[in-house]
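K.L.:
A single structure is presented below for examination.
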Amino acid sequence: MWEHRMEPRSEHRLKWAGILGTGISLPGNIFTNHDLEKMVDTSDEWIIKRTGIRERRIIDKDKPLHQLGIEAAEKALLSAGIGSEELDLIIVATDTPDYLTPSMACLVQRGLSARNAAAFDLNAACTGFIYSLAVADNFIRTGYYSYVLIVCCESLSRVVDWKDRSTCVLFGDAAAAVVVGPVDGNLGIISTCLGAEGNLGHNITIPCCYISEEDLEKRSGERKMTLWMDGSEVFKFAVGIMAFATEKIVMDSGLSMDDIKLIIPHQANIRILDGAAKRLGLSENMVYSNIHKYGNISSASIPVALNEAVEDGRVALGDNIVLVGFGGGLTWGAALLRWAK
Ligand code: UT7
């Protein structure tokens with residue numbers, strides 16, 4: 001289904017970029033499957049069996065999402081040993097911004113007093129972290145910028161229809177951040193690849209300033225600007241693209257699967273991870289999963305998992321790791337990192 005196109009080779013780069021620090025911020029409010037049983041016709045057993053999710057975090061009603069992003073960013077800056085005034089660019093990947101303008105990135109820039117940084121938001125849904133990493137890598141490798149902050153934050157609890165059991169059990173809220181900067185050659189971001197299938201975009205929608213008649217009809221609740229998804233269609237796309245993108249990024253990097261220490265995929269459904277691992281002939285312990293704790297947190301999913309994997313000692317200096325994701329748009333992407341910290 002997907003054609004294998006070689007990406008520009010890494011030897012053409014002037015500089016190498018890598019992740020210098022990571023940080024996360026999770027809402028304290030834990031919402032379990034049993035809490036959901038009281039709201040919709042569902043069960044803890046169904047949710048665990050069909051998705052692997054046990055609980056998710058929900059942001060406080062009066063807390064703006066960018067505040068969660070700032071908390072994650074402060075931790076990432078500390079872990080990188082970089083001052084906020086050294087940042088050249090802030091990218092915020094999100095599906096659920098507090099405002100369309102000012103952008104989340106400008107709100108984060110203000111909160112961090114990062115006065116030397118340019119700032120913009122990037123929407124690639126759950127693939128937002130991989131897209132942002134590719135942008136940061138290209139700015140740094142050409143020498144245009146030195147330090148880029150990526151913040152991925154989501155308040156999906158604010159856009160789900162809490163009466164729609166087919167979606168409300170899946171999503172959660174969270175923020176994660178990384179600082180990307182120059183690293184020694186042959187370390188850091190080895191390759192990235194990005195893709196989109198706009199013709200399949202109608203399968204996950206969150207309207208904003210406009211909604212079509214067709215999308216209006218799909219929503220039965222009073223609130224119309226809510227998330228709607230055709231889960232089975234997305235599921236089919238997800239398993240295939242996760243396997244394809246993983247193989248592609250390993251090949252583009254001139255490596256084989258045996259060289260890979262860990263795969264950190266977007267956490268949407270444990271059955272998607274198991275299906276992709278099976279296609280690739282990988283053992284389960286090579287594929288990182290924390291979906292039971294947070295559900296699907298869209299763009300924050302991969303960087304939260306990465307932060308945890310690093311803290312758990314699953315990633316060490318020089319290890320090759322694959323980040324791979326898919327999401328609304330539909331979008332997909334992968335990155336191969338040789339851990340540089
Ligand atoms: O990151 C964004 C991308 N999104 C995704 O990756 C989501 C991908 N899709 C999925 O993860 C799965 O398709 C779902 C978890 C959304 C659904 O799982 P499924 O195994 O595909 O279930 P289904 O939609 O085929 O529904 C099976 C049954 C239906 O009942 P009937 O028609 O067989 O009587 C649903 O009504 O399960 C029912 N159902 C539920 N039952 C209890 C759907 N949601 C629930 C629920 N609790 N929460």
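By convention in this document, the chains of the structure tokens carry letters A, B, ... by their order, each chain's residues are numbered from 1, and ligands are numbered from 1 in the order they are shown.
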Extract, using only C-alpha atoms, all DNA, RNA and protein residues at most 12 Å from Glu214 (chain A), discarding same-chain residues fewer than 6 positions from it, and format them as a PyMOL selection string.

P.N.:
chain A and resi 202+205+207+224+228

K.L.:
Could you build a table of the residues in region 196-271 of chain A lying no more than 12 Å from region 105-124 of chain A, giving for each the nearest pair of atoms and their separation in Å rounded to one decimal place, using only C-alpha atoms, ordered by chain and ascending residue number, as JSON lines?

P.N.:
```
{"residue": "A:Ala196", "atom": "CA", "partner": "A:Ala124", "partner_atom": "CA", "distance": 9.1}
{"residue": "A:Glu197", "atom": "CA", "partner": "A:Ala124", "partner_atom": "CA", "distance": 11.6}
{"residue": "A:Gly198", "atom": "CA", "partner": "A:Ala124", "partner_atom": "CA", "distance": 11.3}
{"residue": "A:Gly201", "atom": "CA", "partner": "A:Ala124", "partner_atom": "CA", "distance": 11.3}
{"residue": "A:Ile206", "atom": "CA", "partner": "A:Asn123", "partner_atom": "CA", "distance": 12.0}
```

K.L.:
Take the residues from that selection and put them in a file with N, CA and C atoms, as a PDB file, in the first residue's frame.

P.N.:
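After the write, out_32.pdb holds the following:
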```pdb
ATOM      1  N   ALA A 196       1.445  11.514   5.171  1.00  0.00           N
ATOM      2  CA  ALA A 196       0.051  11.886   5.441  1.00  0.00           C
ATOM      3  C   ALA A 196      -0.865  11.203   4.428  1.00  0.00           C
ATOM      4  N   GLU A 197      -2.049  10.861   4.881  1.00  0.00           N
ATOM      5  CA  GLU A 197      -3.090  10.269   4.018  1.00  0.00           C
ATOM      6  C   GLU A 197      -4.354  11.101   4.209  1.00  0.00           C
ATOM      7  N   GLY A 198      -4.347  12.300   3.617  1.00  0.00           N
ATOM      8  CA  GLY A 198      -5.480  13.223   3.795  1.00  0.00           C
ATOM      9  C   GLY A 198      -6.808  12.631   3.362  1.00  0.00           C
ATOM     10  N   GLY A 201      -8.727  11.313   6.238  1.00  0.00           N
ATOM     11  CA  GLY A 201      -8.861  12.243   7.363  1.00  0.00           C
ATOM     12  C   GLY A 201     -10.226  12.253   8.023  1.00  0.00           C
ATOM     13  N   ILE A 206     -12.167  16.602  14.756  1.00  0.00           N
ATOM     14  CA  ILE A 206     -12.484  17.524  15.866  1.00  0.00           C
ATOM     15  C   ILE A 206     -12.729  18.875  15.192  1.00  0.00           C
TER      16      ILE A 206
END
```

K.L.:
For ligand 1, which residue out of A:Gly181, A:Pro303, A:Gly254, A:Gly231 is the nearest one, using only C-alpha atoms and all ligand atoms?

P.N.:
A:Gly231

K.L.:
Go through A:Gly329, A:Gly275, A:Gly172, A:Gly281 one by one, measure the shortest atom-to-atom distance of each to Phe31 (chain A) using only C-alpha atoms, and give the residue with the smallest value.

P.N.:
A:Gly172

K.L.:
Could you name the residues that touch Leu317 (chain A) at 8 Å or less, counting only C-alpha atoms, but leaving out those on the same chain fewer than 3 positions away, as a ChimeraX atom specification?

P.N.:
/A:338-341

K.L.:
Next, the residues of the selection above should be written as a compact mmCIF listing (two decimals), in the first residue's frame with N, CA and C atoms.

P.N.:
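Final file, result17.txt:
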```txt
# COMPACT_ATOMS: atom_id res chain seq x y z
N ARG A 338 19.85 7.83 17.98
CA ARG A 338 20.94 7.14 18.69
C ARG A 338 21.15 7.97 19.94
N TRP A 339 20.73 7.42 21.08
CA TRP A 339 20.58 8.22 22.30
C TRP A 339 21.90 8.92 22.64
N ALA A 340 21.82 10.24 22.83
CA ALA A 340 23.03 11.06 22.88
C ALA A 340 23.32 11.60 24.29
N LYS A 341 22.56 11.16 25.28
CA LYS A 341 22.70 11.78 26.61
C LYS A 341 23.36 10.83 27.58
```

K.L.:
Could you check which of A:Lys248, A:Thr167, A:Ser256, A:Tyr294 is closest to Pro27 (chain A), using only C-alpha atoms?

P.N.:
A:Tyr294

K.L.:
Once you count only C-alpha atoms and all ligand atoms, which residues end up within 6 Å of ligand 1, and could you hand them over as a VMD selection string?

P.N.:
chain A and resid 42 to 43 46 50 to 51 126 165 to 166 169 231 to 232 234 to 235 268 to 269 298 327

K.L.:
Please, could you write that set of residues out with C-alpha atoms as a PDB file, in the first residue's frame?

P.N.:
```
ATOM      1  CA  THR A  42     -19.110   0.164  29.507  1.00  0.00           C
ATOM      2  CA  SER A  43     -17.044  -2.104  31.750  1.00  0.00           C
ATOM      3  CA  TRP A  46     -14.205  -4.463  27.993  1.00  0.00           C
ATOM      4  CA  ARG A  50     -10.141  -4.148  23.782  1.00  0.00           C
ATOM      5  CA  THR A  51      -7.622  -1.358  24.489  1.00  0.00           C
ATOM      6  CA  CYS A 126      -0.918  12.093  17.502  1.00  0.00           C
ATOM      7  CA  ARG A 165     -18.608   5.221  24.918  1.00  0.00           C
ATOM      8  CA  SER A 166     -16.763   4.393  21.697  1.00  0.00           C
ATOM      9  CA  VAL A 169     -12.912   5.649  27.291  1.00  0.00           C
ATOM     10  CA  GLY A 231     -12.269   3.310  15.398  1.00  0.00           C
ATOM     11  CA  SER A 232     -12.138   0.222  13.169  1.00  0.00           C
ATOM     12  CA  VAL A 234      -8.236   3.876  12.076  1.00  0.00           C
ATOM     13  CA  PHE A 235      -7.270   0.552  13.642  1.00  0.00           C
ATOM     14  CA  ALA A 268      -3.432   4.262  21.100  1.00  0.00           C
ATOM     15  CA  ASN A 269      -4.414   0.652  21.750  1.00  0.00           C
ATOM     16  CA  SER A 298      -2.194  12.080  21.327  1.00  0.00           C
ATOM     17  CA  GLY A 327      -2.928   9.844  14.080  1.00  0.00           C
TER      18      GLY A 327
END
```

K.L.:
Running DSSP on the backbone, which parts of region 6-62 of chain A land in strand (DSSP E or B), as a list of chain:residue names?

P.N.:
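DSSP on the backbone gives strand (DSSP E or B) at A:Trp16, A:Ala17, A:Gly18, A:Ile19, A:Leu20, A:Gly21, A:Thr22, A:Gly23, A:Ile24, A:Ser25, A:Asn29, A:Ile30, A:Phe31, A:Thr32, A:Glu55, A:Arg56, A:Arg57, A:Ile58.
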
K.L.:
To one decimal place in Å, what is the distance between CA of Ala300 (chain A) and CA of Thr127 (chain A)?

P.N.:
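Straight-line distance from CA of Ala300 (chain A) to CA of Thr127 (chain A) works out to 9.2 Å.
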
K.L.:
I want to know what sits within 7 Å of Leu337 (chain A), based on only C-alpha atoms, with residues of the same chain fewer than 3 positions away left out; could you give that as a tab-separated table (two decimals) with C-alpha atoms, in the first residue's frame?

P.N.:
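New file part.tsv:
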```
chain	number	residue	atom	x	y	z
A	188	GLY	CA	21.08	12.01	18.14
A	189	ILE	CA	18.47	12.13	15.39
A	190	ILE	CA	19.77	9.80	12.68
A	320	ASN	CA	19.35	2.98	18.71
A	321	ILE	CA	15.68	3.61	19.38
A	322	VAL	CA	12.73	3.97	17.01
```

K.L.:
For CA of Leu255 (chain A) and CA of Val178 (chain A), determine how far apart the two atoms are, in Å to one decimal place.

P.N.:
25.1 Å

K.L.:
May I ask which of the residues A:Thr96, A:Asn33, A:Ser283, A:Ser79 is the closest one to Leu156 (chain A), counting only C-alpha atoms?

P.N.:
A:Thr96

K.L.:
Which residue, A:Ala73, A:His266, A:Met251, A:Ala335, has the smallest gap to Val135 (chain A) when you use only C-alpha atoms?

P.N.:
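Among A:Ala73, A:His266, A:Met251, A:Ala335, it is A:Ala335 that comes nearest to Val135 (chain A).
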